[in-house]
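Enquirer: One file: query.cif (mmCIF, C-alpha atoms).
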```
data_coords
loop_
_atom_site.label_atom_id
_atom_site.label_comp_id
_atom_site.auth_asym_id
_atom_site.auth_seq_id
_atom_site.Cartn_x
_atom_site.Cartn_y
_atom_site.Cartn_z
CA MET A 1 -8.14 -15.36 10.44
CA SER A 2 -11.00 -13.79 8.43
CA ALA A 3 -12.50 -12.12 11.54
CA GLU A 4 -9.12 -10.57 12.39
CA LEU A 5 -8.63 -9.49 8.78
CA SER A 6 -12.11 -7.93 8.76
CA ARG A 7 -11.21 -5.90 11.85
CA LEU A 8 -7.95 -4.80 10.22
CA VAL A 9 -9.69 -3.69 7.02
CA ALA A 10 -12.30 -1.81 9.08
CA ARG A 11 -9.48 0.02 10.87
CA LEU A 12 -7.72 0.80 7.58
CA ARG A 13 -10.99 2.20 6.21
CA ALA A 14 -11.14 4.43 9.29
CA ARG A 15 -7.58 5.64 8.62
CA LEU A 16 -8.57 6.56 5.07
CA ASN A 17 -11.56 8.41 6.45
CA ARG A 18 -9.15 10.83 8.13
CA ALA A 19 -8.81 12.50 4.74
CA ASP A 20 -12.57 13.14 4.78
CA GLY A 21 -12.34 16.38 6.75
CA ARG A 22 -9.68 17.76 4.44
CA ALA A 23 -10.35 19.95 1.50
CA GLY A 24 -9.14 18.82 -1.87
CA ARG A 25 -8.83 15.90 -4.19
CA GLU A 26 -7.69 13.39 -1.55
CA ALA A 27 -10.96 13.73 0.39
CA VAL A 28 -13.13 13.36 -2.71
CA HIS A 29 -11.10 10.33 -3.81
CA VAL A 30 -11.34 8.69 -0.38
CA GLN A 31 -15.12 9.04 -0.25
CA ARG A 32 -15.53 7.40 -3.67
CA LEU A 33 -13.27 4.53 -2.57
CA LEU A 34 -15.00 3.90 0.74
CA ASP A 35 -18.35 3.69 -1.01
CA ARG A 36 -17.05 0.83 -3.18
CA ILE A 37 -15.39 -1.42 -0.59
CA ALA A 38 -17.57 -4.34 0.45
CA HIS A 39 -17.41 -5.86 3.93
CA ASP A 40 -17.23 -9.65 3.46
CA PRO A 41 -13.94 -11.34 2.47
CA ALA A 42 -13.36 -14.46 0.39
CA PRO A 43 -10.68 -17.00 1.37
CA TYR A 44 -7.13 -16.22 0.32
CA GLY A 45 -3.76 -17.93 0.38
CA ALA A 46 -0.83 -16.32 2.16
CA ASN A 47 2.72 -16.79 0.99
CA ALA A 48 6.23 -16.57 2.39
CA HIS A 49 7.49 -13.51 0.53
CA PRO A 50 11.10 -12.50 1.35
CA LEU A 51 9.81 -8.99 2.03
CA VAL A 52 8.39 -10.09 5.39
CA ARG A 53 11.88 -9.82 6.91
CA HIS A 54 11.25 -6.03 6.98
CA LEU A 55 8.01 -6.42 8.95
CA PRO A 56 9.51 -6.37 12.48
CA ALA A 57 11.08 -2.94 11.90
CA ALA A 58 7.95 -1.64 10.14
CA LEU A 59 5.73 -2.90 12.95
CA ALA A 60 8.03 -1.29 15.54
CA GLY A 61 7.60 2.01 13.70
CA LEU A 62 3.86 1.45 13.50
CA GLU A 63 3.75 0.80 17.24
CA ARG A 64 5.29 4.24 17.70
CA ASP A 65 3.17 6.04 15.06
CA ALA A 66 -0.18 4.19 15.28
CA PRO A 67 -0.29 1.72 18.20
CA ASP A 68 -3.99 0.86 17.67
CA LEU A 69 -3.27 -0.24 14.11
CA ALA A 70 -0.08 -2.06 15.15
CA ALA A 71 -2.10 -4.16 17.62
CA LEU A 72 -4.42 -5.30 14.81
CA LEU A 73 -1.81 -5.75 12.09
CA GLY A 74 0.97 -7.33 14.16
CA PRO A 75 -0.52 -10.83 14.53
CA LEU A 76 -1.64 -10.91 10.86
CA ALA A 77 1.23 -9.21 9.04
CA ALA A 78 3.48 -12.13 8.11
CA GLY A 79 0.50 -14.24 6.96
CA LEU A 80 -0.90 -11.66 4.54
CA PRO A 81 -0.73 -12.30 0.77
CA TRP A 82 2.50 -10.31 0.15
CA ARG A 83 3.67 -10.21 -3.47
CA HIS A 84 5.74 -8.32 -6.00
CA GLY A 85 4.05 -8.03 -9.38
CA TYR A 86 6.82 -6.78 -11.66
CA GLU A 87 8.74 -8.99 -14.03
CA ALA A 88 12.34 -9.61 -13.01
CA SER A 89 14.97 -7.47 -14.67
CA ALA A 90 18.77 -7.34 -14.49
CA GLU A 91 18.76 -3.64 -13.50
CA LEU A 92 16.39 -4.27 -10.59
CA ALA A 93 17.56 -7.69 -9.51
CA ASP A 94 16.95 -7.13 -5.77
CA LEU A 95 13.84 -4.97 -5.84
CA HIS A 96 11.51 -7.95 -5.37
CA LEU A 97 13.30 -8.67 -2.08
CA ASN A 98 12.67 -5.16 -0.74
CA MET A 99 9.35 -3.99 -2.16
CA GLY A 100 5.91 -5.50 -2.40
CA TRP A 101 2.31 -5.29 -1.31
CA ALA A 102 -0.49 -7.21 0.35
CA GLU A 103 -3.87 -6.48 -1.17
CA PHE A 104 -7.13 -6.85 0.78
CA VAL A 105 -9.54 -5.48 -1.83
CA GLY A 106 -9.00 -5.99 -5.56
CA PRO A 107 -9.43 -8.36 -8.50
CA ALA A 108 -7.49 -11.19 -6.82
CA ALA A 109 -7.88 -10.18 -3.15
CA PRO A 110 -9.99 -11.51 -0.25
CA TRP A 111 -12.54 -8.74 -0.94
CA ARG A 112 -13.08 -9.08 -4.70
CA SER A 113 -13.48 -5.86 -6.70
CA ASP A 114 -12.72 -4.82 -10.27
CA GLU A 115 -13.30 -1.16 -9.36
CA VAL A 116 -11.03 -0.49 -6.39
CA CYS A 117 -7.99 -1.93 -4.62
CA LEU A 118 -6.99 -1.47 -0.99
CA GLY A 119 -3.82 -2.84 0.52
CA LEU A 120 -0.50 -2.23 2.22
CA THR A 121 2.78 -1.43 0.51
CA LEU A 122 5.99 -2.36 2.31
CA ILE A 123 9.34 -1.05 1.08
CA GLY A 124 12.57 -1.94 2.87
CA PRO A 125 15.02 0.68 4.11
CA ASN A 126 17.24 2.55 1.66
CA THR A 127 15.33 1.18 -1.31
CA HIS A 128 14.60 2.96 -4.58
CA TYR A 129 11.29 2.07 -6.25
CA PRO A 130 12.02 3.44 -9.74
CA ALA A 131 9.78 5.55 -11.95
CA HIS A 132 6.62 3.70 -12.95
CA GLN A 133 3.05 4.40 -13.96
CA HIS A 134 -0.33 2.70 -14.17
CA PRO A 135 -3.80 3.53 -15.47
CA ALA A 136 -5.27 3.36 -11.95
CA VAL A 137 -5.54 6.46 -9.81
CA GLU A 138 -3.48 5.75 -6.68
CA LEU A 139 -3.63 7.16 -3.17
CA TYR A 140 -1.01 6.43 -0.51
CA HIS A 141 -1.44 7.09 3.21
CA VAL A 142 1.89 6.79 5.01
CA LEU A 143 1.55 4.69 8.17
CA THR A 144 5.18 4.52 9.27
CA GLY A 145 8.60 5.35 7.89
CA VAL A 146 9.67 8.30 5.77
CA ALA A 147 9.92 8.18 1.99
CA GLU A 148 10.61 10.52 -0.88
CA TRP A 149 7.96 10.71 -3.58
CA SER A 150 9.21 12.60 -6.62
CA SER A 151 11.45 14.99 -4.62
CA HIS A 152 9.07 15.46 -1.63
CA TRP A 153 9.71 13.64 1.66
CA ARG A 154 6.53 12.31 3.28
CA ARG A 155 6.12 11.35 6.93
CA PRO A 156 3.53 9.25 8.78
CA GLY A 157 0.05 10.68 8.30
CA ALA A 158 0.76 12.09 4.83
CA PHE A 159 -1.49 11.41 1.84
CA VAL A 160 0.00 11.19 -1.67
CA LEU A 161 -2.31 11.10 -4.72
CA HIS A 162 -1.18 9.99 -8.21
CA ASP A 163 -3.40 10.60 -11.21
CA SER A 164 -3.91 7.97 -13.91
CA ASN A 165 -0.62 7.29 -15.75
CA GLN A 166 1.25 9.88 -13.67
CA ILE A 167 4.92 8.89 -13.53
CA HIS A 168 6.15 8.57 -9.95
CA ALA A 169 8.99 7.02 -7.97
CA MET A 170 9.75 6.44 -4.28
CA ARG A 171 12.86 6.18 -2.16
CA THR A 172 12.92 5.14 1.48
CA GLY A 173 15.22 6.39 4.21
CA ASP A 174 16.79 4.36 7.01
CA GLU A 175 13.48 2.79 8.09
CA PRO A 176 11.10 0.64 6.06
CA LEU A 177 8.00 2.34 4.72
CA LEU A 178 4.58 0.88 5.45
CA ALA A 179 1.77 2.66 3.62
CA LEU A 180 -1.90 2.06 3.02
CA TYR A 181 -2.69 2.35 -0.68
CA THR A 182 -5.75 2.42 -2.89
CA TRP A 183 -6.25 2.08 -6.62
CA SER A 184 -9.38 3.10 -8.52
CA GLY A 185 -10.41 3.23 -12.16
CA ASP A 186 -8.55 0.63 -14.24
CA VAL A 187 -7.31 -1.60 -11.42
CA VAL A 188 -6.70 -4.60 -13.70
CA SER A 189 -3.93 -3.18 -15.91
CA PRO A 190 -0.54 -3.52 -14.19
CA SER A 191 2.14 -0.96 -13.42
CA VAL A 192 4.90 -0.55 -15.99
CA TRP A 193 8.37 0.94 -15.69
CA SER A 194 8.69 4.45 -17.07
CA ARG A 195 11.37 6.72 -18.32
CA GLN A 196 11.23 10.16 -16.72
CA PRO A 197 11.06 12.94 -19.35
#
```
Have the structure of the file written as structure tokens, please.
Expert:
Amino acid sequence: MSAELSRLVARLRARLNRADGRAGREAVHVQRLLDRIAHDPAPYGANAHPLVRHLPAALAGLERDAPDLAALLGPLAAGLPWRHGYEASAELADLHLNMGWAEFVGPAAPWRSDEVCLGLTLIGPNTHYPAHQHPAVELYHVLTGVAEWSSHWRRPGAFVLHDSNQIHAMRTGDEPLLALYTWSGDVVSPSVWSRQP
């Protein structure tokens, strides 16, 4: 499994590198991230997160939008370390069933780093991921699905950059969203729910 995961992470790094030719903050951010990601993974334990039920639809979309990546991710997807890190709350009772992430690089990931995180976010269809914030600077690269980030709909290929402690929210359409994400800066402090001003 580690050889396959290494190939997947190499391909995800290449996807991030697509921002390199762009002008602007996304390209600068991507270059800093790529310089910090090591190449050798440590062992990890997968889990059976309920979110994986959205993987077949997400992988079908990925097959359409990025078949090369779908071929690498497909056999590994359900066995990745999917999780949902927020505390349960009555208002968001079902969110943990429809939103989560699998991290490849980070403080508790196969590639250990306290400086940068790299992973996949999966959000089920017609799901609202409410306003939240975190000290880490965050970059999303949409792989498949369409989602609204703070009143702007983003399609596959889009990059979305959130500054440290910038309040943001997401809402998916009729398909699940699968996005590559990175964190940099304070990657240890968790996300917290926010109240929009």
Enquirer: Go through A:Asp186, A:Asp68, A:Glu63, A:Glu103 one by one, measure the shortest atom-to-atom distance of each to Arg11 (chain A) using only C-alpha atoms, and give the residue with the smallest value.
Expert: A:Asp68
Enquirer: Quick one, how far is CA of Arg25 (chain A) from CA of Leu177 (chain A)?
Expert: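 Pair CA of Arg25 (chain A) / CA of Leu177 (chain A) returns 23.4 Å.
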Enquirer: Give as a PDB file with C-alpha atoms, in the frame of the given file the residues that the PyMOL selection byres ((chain A and resi 9) around 10) matches when applied to the coordinates above.
Expert:
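Resulting contents of expr24.pdb:
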```pdb
ATOM      1  CA  ALA A   3     -12.500 -12.120  11.540  1.00  0.00           C
ATOM      2  CA  GLU A   4      -9.120 -10.570  12.390  1.00  0.00           C
ATOM      3  CA  LEU A   5      -8.630  -9.490   8.780  1.00  0.00           C
ATOM      4  CA  SER A   6     -12.110  -7.930   8.760  1.00  0.00           C
ATOM      5  CA  ARG A   7     -11.210  -5.900  11.850  1.00  0.00           C
ATOM      6  CA  LEU A   8      -7.950  -4.800  10.220  1.00  0.00           C
ATOM      7  CA  ALA A  10     -12.300  -1.810   9.080  1.00  0.00           C
ATOM      8  CA  ARG A  11      -9.480   0.020  10.870  1.00  0.00           C
ATOM      9  CA  LEU A  12      -7.720   0.800   7.580  1.00  0.00           C
ATOM     10  CA  ARG A  13     -10.990   2.200   6.210  1.00  0.00           C
ATOM     11  CA  ALA A  14     -11.140   4.430   9.290  1.00  0.00           C
ATOM     12  CA  ARG A  15      -7.580   5.640   8.620  1.00  0.00           C
ATOM     13  CA  ILE A  37     -15.390  -1.420  -0.590  1.00  0.00           C
ATOM     14  CA  HIS A  39     -17.410  -5.860   3.930  1.00  0.00           C
ATOM     15  CA  PRO A  41     -13.940 -11.340   2.470  1.00  0.00           C
ATOM     16  CA  LEU A  72      -4.420  -5.300  14.810  1.00  0.00           C
ATOM     17  CA  LEU A  73      -1.810  -5.750  12.090  1.00  0.00           C
ATOM     18  CA  PHE A 104      -7.130  -6.850   0.780  1.00  0.00           C
ATOM     19  CA  VAL A 105      -9.540  -5.480  -1.830  1.00  0.00           C
ATOM     20  CA  TRP A 111     -12.540  -8.740  -0.940  1.00  0.00           C
ATOM     21  CA  LEU A 118      -6.990  -1.470  -0.990  1.00  0.00           C
ATOM     22  CA  GLY A 119      -3.820  -2.840   0.520  1.00  0.00           C
TER      23      GLY A 119
END
```
Enquirer: Evaluate the PyMOL selection byres ((chain A and resi 102) around 12) here and jot the selected residues down as a ChimeraX atom specification.
Expert: /A:5,9,44-49,51-52,73,76-85,99-101,103-106,108-110,117-123,178-182
Enquirer: One decimal, Å: what's the distance from CA of Gly124 (chain A) over to CA of Asn98 (chain A), could you say?
Expert: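 Computing the Euclidean distance for CA of Gly124 (chain A) and CA of Asn98 (chain A) yields 4.8 Å.
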Enquirer: For this file, the PyMOL selection byres ((chain A and resi 193) around 8) selects which residues, as a list in words?
Expert: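 Applied to this file, the PyMOL selection byres ((chain A and resi 193) around 8) returns Pro130, Ala131, His132, Gln133, Ser191, Val192, Ser194 and Arg195 of chain A.
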Enquirer: One decimal, Å: what's the distance from CA of Ser150 (chain A) over to CA of Gly61 (chain A), could you say?
Expert: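 Interatomic distance, CA of Ser150 (chain A) to CA of Gly61 (chain A): 23.0 Å.
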Enquirer: Leaving out Val137 (chain A) and any residue of its chain fewer than 5 positions from it, which residues lie within 9 Å of it when counting only C-alpha atoms, given as number ranges by chain?
Expert: A: 161-166, 182-187
Enquirer: Closest to Asn126 (chain A) among A:Pro67, A:Pro156, A:Pro176, A:Pro107, using only C-alpha atoms?
Expert: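 Checking each of A:Pro67, A:Pro156, A:Pro176, A:Pro107 against Asn126 (chain A), counting only C-alpha atoms, the winner is A:Pro176.
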